[in-house]
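Reviewing the structure listed below.
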Amino acid sequence: MADITVGRPLGIETRIHWSFWLLPALVLAAGWIGGNTIMAIVDTVIVLAIFSCVALHEFGHALAARAYGIRTRDVVLYPIGGIARLERIPHQPGAEIAIALAGPAVNFAIVLMLFPLMVANGFGITHLTGEASLNEYFWTRLLWGNVVLCLFNLIPAFPMDGGRVLRALLAIRLSRHAATDIAVSIGTGFAVIFGVGAVLGYFSPTLLLLAVVLYMTGQSELQAVREEIDRRTYRGSIFGRRLDPVPVAHHADGWEYDAQSRQWTYWLHGHPVNRFMAR
Ligand SMILES: [Zn+2]
């Protein structure tokens, strides 16, 4: 099975992963087995509508990234959510926070738009009575779907949006490596909670899958940051700039400026691995 390319809105290739269709198929099958064909179709349409909002969420990330000069390779929809693959993750905490928050902000904006329209139409917002019309049922589900999309993504479980905000906040004070390390540890904790909850609480294959994906992408992102640092160390050392074989204890990782010698030095694990003169 192949992915379906929806198009290139705003110049960003948007695809539906082949596995995405498992989700609406499951919802449709569950409703049909339950005996209510109309509701099965309505619930399937709601899933598709919510995933349109997931796509808009991803475009929020992509457009915020564009504002920082970062291109987006593509936006792909999976059964557990969407991913906007950015060409790079900005290292400035402010930019990373803005890009991470742009996704949930889109869902918040949708809620802000839907809410007054629903109130004006006299729709039930917090509860659905037995005699709710299909129209009311659809819009209420879509509203709450967006509330959940906004809040759930803000959980500080790296690499979800909230976890990226957390990593960026930590990186203001710590090295990027240390910040990623802590954020990934917290994200792994959430992955375990999601996984246990999905098995022992009410069984949710989606949540279980999300727990696995969170754990795996967290680990690979940590690996990427490590490799980035290794590359920098290597680049520093091939020019023979590994000046001190004995590490200088308690030296914080990162760039440091020495006003007297007018030199920038990059410190890593107590070693000056790269150095250049300021003009
Ligand atoms: Zn997001």
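Chain labels run A, B, ... following the order of the structure tokens; each chain numbers its residues from 1, and ligands are numbered from 1 in the order shown.
Every protein, DNA or RNA residue with an atom at most 12 Å from Leu28 (chain A), where only C-alpha atoms count and chain neighbours fewer than 2 positions away do not, is listed here: Trp21, Leu22, Leu23, Pro24, Ala25, Leu26, Ala30, Gly31, Trp32, Ile33, Gly34, Gly35, Asn36, Thr37, Ile38, Met39, Ala40, Ile41, Val42, Asp43, Thr44, Val45, Ile46, Val47 and Leu48 of chain A.
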Residues from the last selection, N, CA and C atoms, saved as a short mmCIF file (atom, residue, chain, number, x, y, z; two decimals), in the first residue's frame:
```cif
data_model
loop_
_atom_site.label_atom_id
_atom_site.label_comp_id
_atom_site.auth_asym_id
_atom_site.auth_seq_id
_atom_site.Cartn_x
_atom_site.Cartn_y
_atom_site.Cartn_z
N TRP A 21 -5.52 4.72 7.37
CA TRP A 21 -6.88 4.24 7.09
C TRP A 21 -7.34 3.16 8.06
N LEU A 22 -6.38 2.58 8.81
CA LEU A 22 -6.76 1.58 9.82
C LEU A 22 -7.70 2.20 10.86
N LEU A 23 -7.43 3.49 11.20
CA LEU A 23 -8.23 4.13 12.26
C LEU A 23 -9.69 4.31 11.86
N PRO A 24 -10.00 5.05 10.75
CA PRO A 24 -11.41 5.16 10.36
C PRO A 24 -12.05 3.81 10.07
N ALA A 25 -11.26 2.85 9.55
CA ALA A 25 -11.80 1.52 9.27
C ALA A 25 -12.24 0.84 10.56
N LEU A 26 -11.40 0.98 11.62
CA LEU A 26 -11.73 0.38 12.92
C LEU A 26 -12.98 1.01 13.51
N ALA A 30 -16.30 -1.01 14.23
CA ALA A 30 -16.81 -1.13 15.60
C ALA A 30 -18.27 -0.67 15.67
N GLY A 31 -18.57 0.47 15.00
CA GLY A 31 -19.94 0.99 15.00
C GLY A 31 -20.91 0.07 14.27
N TRP A 32 -20.42 -0.50 13.19
CA TRP A 32 -21.26 -1.37 12.37
C TRP A 32 -21.59 -2.66 13.13
N ILE A 33 -20.54 -3.21 13.82
CA ILE A 33 -20.77 -4.43 14.62
C ILE A 33 -21.73 -4.09 15.76
N GLY A 34 -21.62 -2.84 16.30
CA GLY A 34 -22.51 -2.39 17.37
C GLY A 34 -23.96 -2.29 16.91
N GLY A 35 -24.17 -2.31 15.63
CA GLY A 35 -25.54 -2.38 15.11
C GLY A 35 -26.13 -1.07 14.65
N ASN A 36 -25.39 0.04 14.83
CA ASN A 36 -25.94 1.33 14.41
C ASN A 36 -25.13 1.88 13.23
N THR A 37 -25.62 1.58 12.03
CA THR A 37 -24.86 1.93 10.83
C THR A 37 -24.74 3.44 10.66
N ILE A 38 -25.84 4.18 10.94
CA ILE A 38 -25.80 5.64 10.77
C ILE A 38 -24.74 6.25 11.69
N MET A 39 -24.76 5.82 12.97
CA MET A 39 -23.80 6.39 13.92
C MET A 39 -22.37 5.97 13.56
N ALA A 40 -22.23 4.77 13.01
CA ALA A 40 -20.90 4.31 12.60
C ALA A 40 -20.34 5.25 11.53
N ILE A 41 -21.20 5.64 10.59
CA ILE A 41 -20.77 6.54 9.52
C ILE A 41 -20.47 7.93 10.09
N VAL A 42 -21.36 8.41 10.99
CA VAL A 42 -21.16 9.74 11.58
C VAL A 42 -19.84 9.77 12.37
N ASP A 43 -19.59 8.72 13.18
CA ASP A 43 -18.34 8.67 13.96
C ASP A 43 -17.12 8.64 13.06
N THR A 44 -17.23 7.96 11.94
CA THR A 44 -16.10 7.89 10.99
C THR A 44 -15.85 9.27 10.37
N VAL A 45 -16.95 9.98 10.04
CA VAL A 45 -16.80 11.33 9.49
C VAL A 45 -16.16 12.25 10.53
N ILE A 46 -16.54 12.06 11.82
CA ILE A 46 -15.96 12.88 12.89
C ILE A 46 -14.45 12.63 13.00
N VAL A 47 -14.04 11.36 12.90
CA VAL A 47 -12.60 11.03 12.95
C VAL A 47 -11.87 11.75 11.82
N LEU A 48 -12.47 11.72 10.62
CA LEU A 48 -11.82 12.38 9.47
C LEU A 48 -11.76 13.90 9.68
#
```
Set the cut-off to 12 Å, count only C-alpha atoms and all ligand atoms, and list whatever residues fall near ligand 1 as a VMD selection string. chain A and resid 53 to 62 64 75 77 80 to 86 96 to 107 149 to 165
If we count only C-alpha atoms, what is near Gln219 (chain A) at a cut-off of 10 Å, once residues fewer than 6 positions away on the same chain are taken out, given as a PyMOL selection string? chain A and resi 158-159+180-181+184-185+187-188+213
Just the selected residues (N, CA and C atoms), exported as a short mmCIF file (atom, residue, chain, number, x, y, z; two decimals), in the first residue's frame, please.
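Full text of part-v3.cif as output:
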```cif
data_model
loop_
_atom_site.label_atom_id
_atom_site.label_comp_id
_atom_site.auth_asym_id
_atom_site.auth_seq_id
_atom_site.Cartn_x
_atom_site.Cartn_y
_atom_site.Cartn_z
N PHE A 158 8.25 14.81 26.02
CA PHE A 158 9.10 14.91 24.84
C PHE A 158 9.02 13.61 24.04
N PRO A 159 8.92 13.63 22.72
CA PRO A 159 8.99 14.77 21.79
C PRO A 159 7.63 15.37 21.41
N THR A 180 18.07 17.95 26.57
CA THR A 180 17.40 16.87 25.84
C THR A 180 17.34 15.62 26.70
N ASP A 181 18.45 15.35 27.41
CA ASP A 181 18.52 14.18 28.29
C ASP A 181 17.39 14.21 29.32
N VAL A 184 13.90 13.92 27.63
CA VAL A 184 13.64 12.55 27.15
C VAL A 184 13.31 11.64 28.34
N SER A 185 14.01 11.83 29.48
CA SER A 185 13.71 11.03 30.67
C SER A 185 12.27 11.25 31.12
N GLY A 187 9.84 12.39 29.25
CA GLY A 187 8.99 11.85 28.19
C GLY A 187 8.85 10.33 28.30
N THR A 188 9.96 9.66 28.67
CA THR A 188 9.91 8.20 28.84
C THR A 188 8.98 7.85 30.00
N VAL A 213 5.71 4.92 20.34
CA VAL A 213 6.29 5.91 19.42
C VAL A 213 7.01 7.01 20.20
#
```
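Among the candidates A:Val111, A:Leu134, A:Ile4, A:Leu10, the residue lying nearest to Thr72 (chain A) is A:Leu10 (atoms considered: only C-alpha atoms).
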Could you pull out all residues of region 128-263 of chain A with a DSSP call of helix (DSSP H, G or I) and give them as a PyMOL selection string? chain A and resi 134-153+161-173+176-200+205-238
Selection near Ala179 (chain A), 8 Å with only C-alpha atoms, sequence-local residues under 5 positions removed, as number ranges by chain: A: 167-168, 170-171, 174
Might you pull out every residue within 10 Å of Thr265 (chain A), with only C-alpha atoms counted and same-chain residues fewer than 4 positions away left off, and present them as JSON, numbers by chain? {"A": [254, 255, 256, 257, 258, 271, 272, 273, 274, 275, 276, 277]}
Could you tell me how far CA of Gly94 (chain A) sits from CA of Ile70 (chain A), in Å to one decimal place? 14.0 Å
Between CA of Ile16 (chain A) and CA of Gln223 (chain A), what is the distance, to one decimal in Å?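 Separating CA of Ile16 (chain A) from CA of Gln223 (chain A) is a distance of 27.4 Å.
Closest approach to Thr5 (chain A) from the set A:Leu210, A:Ala67, A:Val76, A:Ala29 is made by A:Val76, with distances taken over only C-alpha atoms.
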